[in-house]
$ cat coords31.txt   # compact mmCIF, C-alpha atoms and all ligand atoms
# COMPACT_ATOMS: atom_id res chain seq x y z
CA MET Q 932 17.22 25.47 -17.09
CA THR Q 933 20.28 23.81 -15.56
CA VAL Q 934 21.61 27.20 -14.41
CA PHE Q 935 18.23 27.93 -12.83
CA LEU Q 936 18.24 24.60 -10.97
CA VAL Q 937 21.80 25.08 -9.73
CA LEU Q 938 20.87 28.57 -8.50
CA ILE Q 939 17.88 27.21 -6.60
CA VAL Q 940 20.03 24.51 -4.99
CA ILE Q 941 22.60 27.11 -3.89
CA ILE Q 942 19.89 29.41 -2.47
CA LEU Q 943 18.18 26.55 -0.60
CA PHE Q 944 21.53 25.41 0.76
CA ALA Q 945 22.29 28.93 2.03
CA VAL Q 946 18.85 29.14 3.68
CA ALA Q 947 19.44 25.77 5.37
CA ILE Q 948 22.82 26.93 6.77
CA TRP Q 949 21.27 30.18 7.99
CA GLN Q 950 18.41 28.30 9.70
CA MET Q 951 20.78 25.86 11.37
CA ASN Q 952 22.84 28.76 12.58
CA LYS Q 953 19.74 30.36 14.10
CA ILE Q 954 18.76 27.13 15.85
CA TYR Q 955 22.27 26.86 17.23
CA ALA Q 956 22.19 30.44 18.54
CA LEU Q 957 18.74 29.87 20.07
CA SER Q 958 19.82 26.74 21.87
CA LYS Q 959 22.73 28.61 23.43
CA GLY Q 960 20.92 31.87 24.29
CA ASN Q 961 19.07 32.69 27.54
CA SER Q 962 15.54 31.34 27.88
CA SER Q 963 13.97 34.39 29.54
CA GLY Q 964 11.84 34.87 26.43
CA GLU Q 965 12.76 38.52 25.83
CA SER Q 966 15.82 37.97 23.66
CA GLY Q 967 14.10 39.03 20.42
CA GLU Q 968 14.60 35.54 19.02
CA VAL Q 969 11.74 34.11 21.05
CA ALA Q 970 8.20 34.97 20.01
CA ASN Q 971 6.55 37.68 22.12
CA GLY Q 972 2.89 38.63 22.41
CA LYS Q 973 2.93 40.74 19.24
CA ASP Q 974 4.48 37.92 17.17
CA ASN Q 975 1.84 35.53 18.46
CA ARG Q 976 -0.99 37.89 17.54
CA ILE Q 977 0.41 38.38 14.02
CA ASN Q 978 0.75 34.63 13.52
CA ALA Q 979 -2.76 34.04 14.84
CA LYS Q 980 -4.17 36.47 12.27
CA LEU Q 981 -2.02 34.95 9.51
CA MET Q 982 -3.55 31.56 10.35
CA VAL Q 983 -7.07 32.89 9.73
CA MET Q 984 -5.95 34.61 6.54
CA PHE Q 985 -4.37 31.40 5.33
CA MET Q 986 -7.61 29.53 5.98
CA VAL Q 987 -9.59 32.06 3.95
CA PHE Q 988 -7.00 31.79 1.17
CA LEU Q 989 -7.30 27.98 1.16
CA TYR Q 990 -11.10 28.11 0.92
CA PHE Q 991 -10.90 30.69 -1.83
CA LEU Q 992 -8.35 28.61 -3.77
CA MET Q 993 -10.53 25.51 -3.47
CA PHE Q 994 -13.70 27.20 -4.75
CA TYR Q 995 -11.77 28.96 -7.50
CA CYS Q 996 -10.29 25.64 -8.70
CA PHE Q 997 -13.70 23.97 -8.73
CA TRP Q 998 -15.17 26.84 -10.67
CA HIS Q 999 -12.26 27.32 -13.07
CA TYR Q 1000 -11.47 23.67 -13.83
CA SER Q 1001 -15.05 22.39 -13.97
CA LYS Q 1002 -14.97 23.04 -17.71
CA PHE Q 1003 -12.56 20.12 -18.00
CA TYR Q 1004 -15.02 17.64 -16.52
CA LEU Q 1005 -15.84 14.75 -18.81
CA PRO Q 1006 -19.35 14.65 -20.26
CA GLU Q 1007 -21.86 12.14 -18.96
CA ALA Q 1008 -20.56 8.59 -19.40
CA SER Q 1009 -21.22 6.88 -22.74
CA SER Q 1010 -21.29 3.39 -21.24
CA ALA Q 1011 -23.80 1.43 -19.20
CA HIS Q 1012 -21.61 1.11 -16.09
CA GLY Q 1013 -20.31 4.71 -16.30
CA SER Q 1014 -22.85 6.26 -13.94
CA LYS Q 1015 -21.94 3.81 -11.14
CA TYR Q 1016 -18.31 4.83 -11.50
CA ASP Q 1017 -19.20 8.54 -11.52
CA ASN Q 1018 -21.40 8.15 -8.43
CA LEU Q 1019 -18.57 6.55 -6.50
CA MET Q 1020 -16.26 9.36 -7.55
CA PHE Q 1021 -18.79 12.04 -6.66
CA ILE Q 1022 -19.60 10.61 -3.22
CA SER Q 1023 -15.89 10.23 -2.37
CA ILE Q 1024 -15.10 13.80 -3.40
CA ALA Q 1025 -18.14 15.23 -1.60
CA LEU Q 1026 -17.17 13.43 1.60
CA ILE Q 1027 -13.54 14.54 1.41
CA MET Q 1028 -14.65 18.12 0.79
CA VAL Q 1029 -17.05 18.26 3.75
CA VAL Q 1030 -14.51 16.74 6.15
CA GLN Q 1031 -11.64 18.91 5.00
CA ILE Q 1032 -13.71 22.13 5.22
CA ILE Q 1033 -14.56 21.31 8.85
CA THR Q 1034 -11.06 20.17 9.89
CA GLN Q 1035 -9.33 23.11 8.14
CA PHE Q 1036 -11.60 25.45 10.06
CA LEU Q 1037 -10.91 23.77 13.42
CA LEU Q 1038 -7.16 23.68 12.82
CA HIS Q 1039 -6.79 27.34 11.84
CA PHE Q 1040 -9.44 28.82 14.10
CA PHE Q 1041 -8.08 27.10 17.22
CA ALA Q 1042 -4.56 28.28 16.37
CA TYR Q 1043 -6.02 31.79 16.22
CA LYS Q 1044 -8.21 31.59 19.34
CA TYR Q 1045 -5.64 29.96 21.60
CA ASN Q 1046 -2.53 31.81 20.47
CA GLY Q 1047 0.26 32.20 23.02
CA LYS Q 1048 -0.29 34.85 25.71
CA LYS Q 1049 2.25 35.78 28.32
CA GLY Q 1050 1.52 34.25 31.68
CA GLN Q 1051 -1.25 32.05 30.32
CA ARG Q 1052 -0.66 28.34 30.75
CA ALA Q 1053 -2.29 25.61 28.76
CA LEU Q 1054 -4.83 23.49 30.58
CA PHE Q 1055 -3.49 20.04 31.40
CA TYR Q 1056 -6.05 17.67 29.97
CA ALA Q 1057 -4.77 14.10 29.82
CA ASP Q 1058 -7.48 12.18 28.00
CA ASN Q 1059 -11.18 11.71 27.52
CA ASP Q 1060 -12.41 8.24 26.59
CA LYS Q 1061 -15.75 9.44 25.29
CA LEU Q 1062 -14.21 12.01 22.91
CA GLU Q 1063 -11.63 9.54 21.65
CA PHE Q 1064 -14.33 6.96 21.07
CA ILE Q 1065 -16.36 9.45 19.01
CA TRP Q 1066 -13.51 10.57 16.78
CA THR Q 1067 -12.40 7.01 16.22
CA ILE Q 1068 -15.75 5.40 15.55
CA ILE Q 1069 -17.04 8.03 13.11
CA PRO Q 1070 -14.11 7.71 10.65
CA VAL Q 1071 -14.20 3.92 11.05
CA ILE Q 1072 -17.86 3.74 10.04
CA VAL Q 1073 -17.58 6.29 7.24
CA LEU Q 1074 -14.40 4.79 5.77
CA ALA Q 1075 -15.66 1.21 6.05
CA GLY Q 1076 -18.88 2.29 4.30
CA LEU Q 1077 -16.92 4.00 1.53
CA ILE Q 1078 -14.57 1.05 1.05
CA ILE Q 1079 -17.38 -1.53 0.99
CA TYR Q 1080 -19.35 0.61 -1.45
CA GLY Q 1081 -16.21 0.96 -3.59
CA LEU Q 1082 -15.58 -2.79 -3.52
CA PHE Q 1083 -19.14 -3.54 -4.58
CA THR Q 1084 -18.90 -1.03 -7.41
CA TRP Q 1085 -15.56 -2.48 -8.47
CA SER Q 1086 -16.75 -6.09 -8.56
CA ASP Q 1087 -19.96 -5.01 -10.26
CA ILE Q 1088 -17.96 -3.44 -13.11
CA MET Q 1089 -15.11 -5.97 -13.28
CA ASN Q 1090 -16.93 -9.29 -12.78
CA PHE Q 1091 -19.25 -9.07 -15.72
CA ASP Q 1092 -21.52 -11.77 -17.08
CA GLU Q 1093 -21.00 -12.58 -20.71
CA ASP Q 1094 -24.07 -11.78 -22.77
CA GLU Q 1095 -25.07 -14.27 -25.41
CA ASP Q 1096 -24.43 -11.80 -28.24
CA ALA Q 1097 -21.41 -10.07 -26.71
CA LEU Q 1098 -18.85 -8.81 -29.21
CA VAL Q 1099 -15.28 -10.00 -28.61
CA VAL Q 1100 -12.56 -7.55 -29.66
CA GLU Q 1101 -8.85 -7.75 -29.07
CA LEU Q 1102 -6.94 -4.51 -28.53
CA TYR Q 1103 -3.31 -4.93 -29.46
CA ALA Q 1104 -0.81 -2.37 -28.18
CA GLN Q 1105 2.48 -1.64 -29.91
CA ARG Q 1106 4.77 1.29 -29.39
CA PHE Q 1107 3.10 3.60 -30.51
CA ASN Q 1108 -0.18 2.52 -31.96
CA TRP Q 1109 -3.22 0.37 -31.38
CA LYS Q 1110 -4.77 -2.29 -33.54
CA ALA Q 1111 -8.13 -3.95 -33.06
CA ARG Q 1112 -8.86 -7.57 -33.90
CA TYR Q 1113 -12.46 -8.67 -34.35
CA ALA Q 1114 -13.27 -12.32 -33.79
CA GLY Q 1115 -15.12 -12.71 -37.09
CA GLU Q 1116 -18.12 -14.92 -37.89
CA ASP Q 1117 -17.38 -17.51 -35.17
CA ASN Q 1118 -16.90 -14.78 -32.50
CA ILE Q 1119 -13.77 -16.66 -31.32
CA LEU Q 1120 -10.37 -15.01 -31.50
CA GLY Q 1121 -7.71 -17.27 -32.98
CA ASP Q 1122 -4.63 -18.07 -30.91
CA ALA Q 1123 -1.83 -15.59 -31.22
CA ASN Q 1124 1.78 -15.48 -30.17
CA VAL Q 1125 4.61 -13.06 -30.69
CA ARG Q 1126 6.56 -15.87 -32.45
CA PHE Q 1127 4.13 -15.83 -35.39
CA ILE Q 1128 4.74 -12.17 -36.15
CA GLU Q 1129 5.93 -12.02 -39.72
CA GLY Q 1130 5.24 -9.71 -42.68
CA ILE Q 1131 1.56 -8.83 -42.79
CA ASN Q 1132 0.79 -10.89 -39.67
CA GLN Q 1133 1.66 -8.09 -37.28
CA LEU Q 1134 -0.43 -9.39 -34.40
CA GLY Q 1135 1.14 -12.85 -34.45
CA ILE Q 1136 -2.07 -14.74 -35.27
CA ASP Q 1137 -1.41 -18.50 -35.36
CA PRO Q 1138 -1.79 -19.41 -39.08
CA SER Q 1139 -2.65 -23.01 -38.21
CA ASP Q 1140 -5.54 -22.08 -35.90
CA LEU Q 1141 -8.83 -22.27 -37.80
CA ASP Q 1142 -10.53 -19.88 -35.34
CA GLY Q 1143 -8.15 -17.15 -36.44
CA GLN Q 1144 -8.77 -17.40 -40.19
CA ASP Q 1145 -11.87 -15.18 -40.12
CA ASP Q 1146 -10.39 -12.67 -37.64
CA VAL Q 1147 -10.34 -9.08 -38.85
CA VAL Q 1148 -7.56 -6.65 -37.95
CA THR Q 1149 -8.45 -2.96 -38.17
CA GLN Q 1150 -7.00 0.49 -37.50
CA GLU Q 1151 -10.24 1.89 -36.12
CA LEU Q 1152 -12.43 0.61 -33.34
CA HIS Q 1153 -16.07 0.38 -34.37
CA LEU Q 1154 -18.54 -0.57 -31.65
CA PRO Q 1155 -22.25 -1.28 -32.05
CA VAL Q 1156 -24.35 0.74 -29.60
CA GLY Q 1157 -26.20 -1.15 -26.85
CA ARG Q 1158 -24.23 -4.37 -27.33
CA GLN Q 1159 -21.79 -5.69 -24.74
CA VAL Q 1160 -18.17 -5.57 -25.89
CA ILE Q 1161 -15.53 -7.78 -24.28
CA PHE Q 1162 -12.03 -6.45 -24.78
CA LYS Q 1163 -9.06 -8.81 -24.67
CA LEU Q 1164 -5.91 -6.76 -24.29
CA ARG Q 1165 -2.44 -7.77 -25.45
CA SER Q 1166 0.83 -5.88 -25.71
CA GLN Q 1167 3.69 -6.60 -28.06
CA ASP Q 1168 6.43 -4.79 -26.19
CA VAL Q 1169 6.05 -2.81 -22.96
CA LEU Q 1170 3.39 -2.00 -20.40
CA HIS Q 1171 0.59 0.11 -21.91
CA SER Q 1172 -2.80 1.07 -20.60
CA ALA Q 1173 -5.98 1.15 -22.64
CA TYR Q 1174 -7.85 4.27 -21.58
CA MET Q 1175 -11.28 5.18 -22.90
CA PRO Q 1176 -12.26 8.14 -20.72
CA HIS Q 1177 -15.71 8.73 -22.23
CA PHE Q 1178 -16.65 5.14 -21.39
CA ARG Q 1179 -15.01 5.28 -17.94
CA ALA Q 1180 -12.79 2.36 -18.91
CA GLN Q 1181 -9.14 1.74 -18.25
CA MET Q 1182 -7.13 -1.46 -18.14
CA ASN Q 1183 -3.42 -2.21 -18.12
CA VAL Q 1184 -2.05 -3.94 -21.19
CA VAL Q 1185 0.71 -6.26 -20.05
CA PRO Q 1186 3.23 -8.08 -22.27
CA GLY Q 1187 2.93 -11.85 -21.92
CA MET Q 1188 -0.64 -11.97 -20.64
CA ILE Q 1189 -4.18 -11.19 -21.70
CA THR Q 1190 -6.12 -8.73 -19.56
CA GLN Q 1191 -9.77 -7.99 -20.14
CA PHE Q 1192 -12.44 -5.41 -19.62
CA SER Q 1193 -16.02 -5.16 -20.74
CA PHE Q 1194 -18.57 -2.42 -21.23
CA THR Q 1195 -21.68 -1.64 -23.20
CA PRO Q 1196 -21.54 1.62 -25.18
CA THR Q 1197 -24.78 3.58 -24.85
CA VAL Q 1198 -24.24 6.80 -26.81
CA THR Q 1199 -23.32 6.80 -30.49
CA THR Q 1200 -20.69 9.12 -31.93
CA GLU Q 1201 -23.44 10.98 -33.82
CA GLU Q 1202 -25.45 11.46 -30.62
CA ILE Q 1203 -22.61 12.79 -28.49
CA ARG Q 1204 -21.60 15.23 -31.23
CA LYS Q 1205 -25.05 16.80 -30.96
CA THR Q 1206 -24.96 17.38 -27.19
CA ASP Q 1207 -24.59 20.94 -25.88
CA TYR Q 1208 -21.50 19.88 -23.96
CA MET Q 1209 -19.70 18.71 -27.09
CA GLN Q 1210 -20.83 21.63 -29.27
CA ASP Q 1211 -19.50 24.04 -26.64
CA LYS Q 1212 -16.27 22.11 -26.36
CA MET Q 1213 -15.74 22.07 -30.13
CA ARG Q 1214 -16.31 25.84 -30.31
CA THR Q 1215 -13.64 26.40 -27.65
CA ILE Q 1216 -11.20 24.05 -29.38
CA GLN Q 1217 -11.77 25.73 -32.72
CA GLU Q 1218 -11.11 29.16 -31.20
CA ILE Q 1219 -7.86 27.97 -29.66
CA ARG Q 1220 -6.80 26.40 -32.96
CA LYS Q 1221 -7.70 29.56 -34.90
CA GLU Q 1222 -5.50 31.67 -32.61
CA LYS Q 1223 -2.69 29.16 -32.91
CA SER Q 1224 -3.02 29.08 -36.72
CA LYS Q 1225 -2.72 32.88 -36.86
CA LYS Q 1226 0.57 32.69 -35.00
CA LEU Q 1227 1.80 29.82 -37.20
CA VAL Q 1228 0.90 31.65 -40.40
CA ALA Q 1229 2.61 34.81 -39.12
CA ALA Q 1230 5.73 32.72 -38.53
CA GLY Q 1231 5.54 31.43 -42.13
CA GLU Q 1232 4.28 27.96 -41.22
CA PRO Q 1233 1.14 26.22 -42.50
CA ALA Q 1234 -2.08 26.67 -40.50
CA LEU Q 1235 -3.60 23.83 -38.48
CA ASP Q 1236 -6.13 21.50 -40.12
CA ASP Q 1237 -9.81 22.00 -39.45
CA TYR Q 1238 -11.09 20.03 -36.49
CA ASP Q 1239 -14.84 20.19 -36.44
CA GLU Q 1240 -16.13 16.75 -35.48
CA PHE Q 1241 -15.62 15.13 -32.13
CA ASP Q 1242 -14.56 11.49 -32.03
CA TYR Q 1243 -14.19 9.10 -29.15
CA TYR Q 1244 -10.62 7.97 -28.62
CA LEU Q 1245 -8.75 5.09 -27.12
CA LEU Q 1246 -5.59 6.47 -25.53
CA CYS Q 1247 -2.53 4.96 -23.94
CA ASN Q 1248 -2.30 5.92 -20.29
CA LYS Q 1249 1.08 4.46 -19.35
CA ILE Q 1250 4.17 6.38 -20.33
CA CYS Q 1251 5.62 3.86 -22.76
CA GLY Q 1252 8.19 5.89 -24.71
CA GLU Q 1253 8.84 9.08 -26.65
CA SER Q 1254 5.65 9.01 -28.77
CA HIS Q 1255 3.39 7.81 -25.96
CA TYR Q 1256 1.45 11.08 -26.08
CA ASN Q 1257 0.26 10.28 -29.58
CA MET Q 1258 -0.65 6.61 -29.08
CA GLN Q 1259 -4.34 6.65 -29.84
CA MET Q 1260 -7.08 5.02 -31.90
CA LYS Q 1261 -10.36 6.44 -33.08
CA ILE Q 1262 -13.49 4.81 -31.66
CA ILE Q 1263 -16.76 4.98 -33.57
CA VAL Q 1264 -19.95 3.97 -31.81
CA GLU Q 1265 -22.72 3.33 -34.32
CA SER Q 1266 -25.86 1.30 -34.93
CA GLN Q 1267 -25.61 -2.49 -35.34
CA GLU Q 1268 -26.44 -2.12 -39.08
CA ASP Q 1269 -23.72 0.46 -39.66
CA TYR Q 1270 -21.26 -1.69 -37.75
CA GLU Q 1271 -22.07 -4.74 -39.88
CA LYS Q 1272 -21.74 -2.70 -43.06
CA TRP Q 1273 -18.31 -1.49 -41.95
CA ILE Q 1274 -16.96 -4.87 -40.81
CA LYS Q 1275 -17.89 -6.37 -44.21
CA THR Q 1276 -15.55 -3.88 -45.91
CA GLN Q 1277 -12.62 -5.09 -43.78
CA LYS Q 1278 -10.38 -7.97 -44.81
CA THR Q 1279 -10.20 -11.23 -42.87
CA PHE Q 1280 -6.83 -12.61 -41.82
CA GLU Q 1281 -7.19 -15.41 -44.38
CA ALA Q 1282 -7.83 -12.93 -47.22
CA SER Q 1283 -4.96 -10.63 -46.31
CA VAL Q 1284 -2.49 -13.53 -46.05
CA ALA Q 1285 -3.67 -14.91 -49.42
CA GLN Q 1286 -3.02 -11.52 -50.94
CU CU W 1 1.62 3.05 -24.69
$ encode --input "coords31.txt" --output "structure tokens" --more "lines below"
Ligand SMILES: [Cu+2]
Amino acid sequence: MTVFLVLIVIILFAVAIWQMNKIYALSKGNSSGESGEVANGKDNRINAKLMVMFMVFLYFLMFYCFWHYSKFYLPEASSAHGSKYDNLMFISIALIMVVQIITQFLLHFFAYKYNGKKGQRALFYADNDKLEFIWTIIPVIVLAGLIIYGLFTWSDIMNFDEDEDALVVELYAQRFNWKARYAGEDNILGDANVRFIEGINQLGIDPSDLDGQDDVVTQELHLPVGRQVIFKLRSQDVLHSAYMPHFRAQMNVVPGMITQFSFTPTVTTEEIRKTDYMQDKMRTIQEIRKEKSKKLVAAGEPALDDYDEFDYYLLCNKICGESHYNMQMKIIVESQEDYEKWIKTQKTFEASVAQ
């Protein structure tokens, strides 16, 4: 790899010297235009055609990418606010696409149509107030509209009202895993500080705070469907980012402060597993894993485990160290009853300390 990089640097350096040499020669040569170094009519025609070909190539590449990579789109959002987020994204992309298709065409087609011809001089056209007004005011209106719409969407998602029965959950980030802390019966998280971290108390819950006694620390994130969840995010060490793509949620997790985010899950794990999208996806993943297993077995290594059920995941989306890629926690969205059944099987802080 290093050899390859050094080679590239040497080649680029040689090209740069060669180019500078050419510029030097050009600046010294005669300017009659027939020296062979200055573009003639034939060169101009070739370049004009290349411009059109490049435009066609760009359009082709764009449509190919949309077609080829559309299989990596996320499924429909599994949270209440998700469709607002997706709409904003869709409108922005649609607008960018329309504008860029038009401007790419103008740029390349004009370069083709008005390519240099001997004896033909460009028209001197100083300015036109009306034209300038049009191409200034249209982007101003469109961009202002997009930004205002984006701001409204943002504040709609970020400035949430707390429902009466909202569930408060703390997500605690450590290199390289997540823990969840449920607020318990009182729905109030106990105070916590890194100074209290000791033995089993890995989240630094204040042992003297009564609110924290019934808190429940878990390795999985269970969320009741249709109920607002308020996440309080804390980090023990470095900057992390809590990323829940299926719920269109992401929030930085910053050491020394509590950040928050809220959403209401709308699709249970069971439900999303049954969708056509997910069944298709699982089939593809299984095929890839089967192929990989064959190769592993042929190389005398054990085959990959079966992977047949989709699960939502909370991922870290800030590169926080060598195992960042694997910093994740399973999320299970289930009915309120199932959630209550599960939380009863988990130990409270008081019980685990007593043990
Ligand atoms: Cu991380």
$ atom_distance --input "coords31.txt" --atom1 "CA of Leu943 in chain Q" --atom2 "CA of Tyr990 in chain Q"
29.4 Å
$ residues_near_ligand --input "coords31.txt" --ligand "ligand CU 1 (chain W)" --cutoff "12 Å" --atoms "all atoms listed in the file" --output "VMD selection string"
chain Q and resid 1103 to 1109 1165 to 1174 1182 to 1186 1245 to 1260
$ residues_around --input "coords31.txt" --residues "range 1080-1091 of chain Q" --least-positions-apart "6" --cutoff "8 Å" --atoms "only C-alpha atoms" --output "PyMOL selection string"
chain Q and resi 1012+1015-1016+1019+1192-1193
$ closest_residue --input "coords31.txt" --among "Q:Thr1067, Q:Asn1046, Q:Gln1267, Q:Thr933" --to "Pro1196 in chain Q" --atoms "all atoms listed in the file"
Q:Gln1267
$ residues_around --input "coords31.txt" --residues "Arg1126 in chain Q" --least-positions-apart "5" --cutoff "12 Å" --atoms "all atoms listed in the file" --output "ChimeraX atom specification"
/Q:1132-1138,1167,1187
$ residues_around --input "coords31.txt" --residues "range 998-1007 of chain Q" --least-positions-apart "6" --cutoff "8 Å" --atoms "all atoms listed in the file" --output "number ranges by chain"
Q: 1014, 1176-1177, 1208-1209
$ residues_around --input "coords31.txt" --residues "Tyr1243 in chain Q" --least-positions-apart "5" --cutoff "12 Å" --atoms "only C-alpha atoms" --output "JSON, numbers by chain"
{"Q": [1005, 1006, 1008, 1009, 1151, 1152, 1153, 1154, 1174, 1175, 1176, 1177, 1178, 1179, 1196, 1198, 1199, 1200, 1201, 1202, 1203, 1204, 1209, 1259, 1260, 1261, 1262, 1263, 1264, 1265]}
$ residues_around --input "coords31.txt" --residues "Ile1033 in chain Q" --least-positions-apart "6" --cutoff "12 Å" --atoms "all atoms listed in the file" --output "JSON list (two decimals) with C-alpha atoms, in the coordinates of the input"
[["chain", "number", "residue", "atom", "x", "y", "z"],
["Q", 986, "MET", "CA", -7.61, 29.53, 5.98],
["Q", 990, "TYR", "CA", -11.10, 28.11, 0.92],
["Q", 1026, "LEU", "CA", -17.17, 13.43, 1.60],
["Q", 1027, "ILE", "CA", -13.54, 14.54, 1.41],
["Q", 1039, "HIS", "CA", -6.79, 27.34, 11.84],
["Q", 1040, "PHE", "CA", -9.44, 28.82, 14.10]]
$ atom_distance --input "coords31.txt" --atom1 "CA of Leu1235 in chain Q" --atom2 "CA of Ile1219 in chain Q"
10.6 Å
$ closest_residue --input "coords31.txt" --among "Q:Trp949, Q:Phe935, Q:Phe988, Q:Tyr1113" --to "Phe1280 in chain Q" --atoms "all atoms listed in the file"
Q:Tyr1113
$ closest_residue --input "coords31.txt" --among "Q:Lys973, Q:Lys1061, Q:Lys1163, Q:Lys1110" --to "Lys1049 in chain Q" --atoms "all atoms listed in the file"
Q:Lys973
$ atom_distance --input "coords31.txt" --atom1 "CA of Leu989 in chain Q" --atom2 "CA of Ile1068 in chain Q"
28.1 Å
$ closest_residue --input "coords31.txt" --among "Q:Arg1112, Q:Lys1212, Q:Lys1272, Q:Lys1205" --to "Ile1161 in chain Q" --atoms "all atoms listed in the file"
Q:Arg1112
$ closest_residue --input "coords31.txt" --among "Q:Asp1146, Q:Gln1217, Q:Leu1227, Q:Phe1162" --to "Ile1274 in chain Q" --atoms "all atoms listed in the file"
Q:Asp1146
$ closest_residue --input "coords31.txt" --among "Q:Met932, Q:Asp1094, Q:Glu1116, Q:Glu1240" --to "Glu1271 in chain Q" --atoms "only C-alpha atoms"
Q:Glu1116
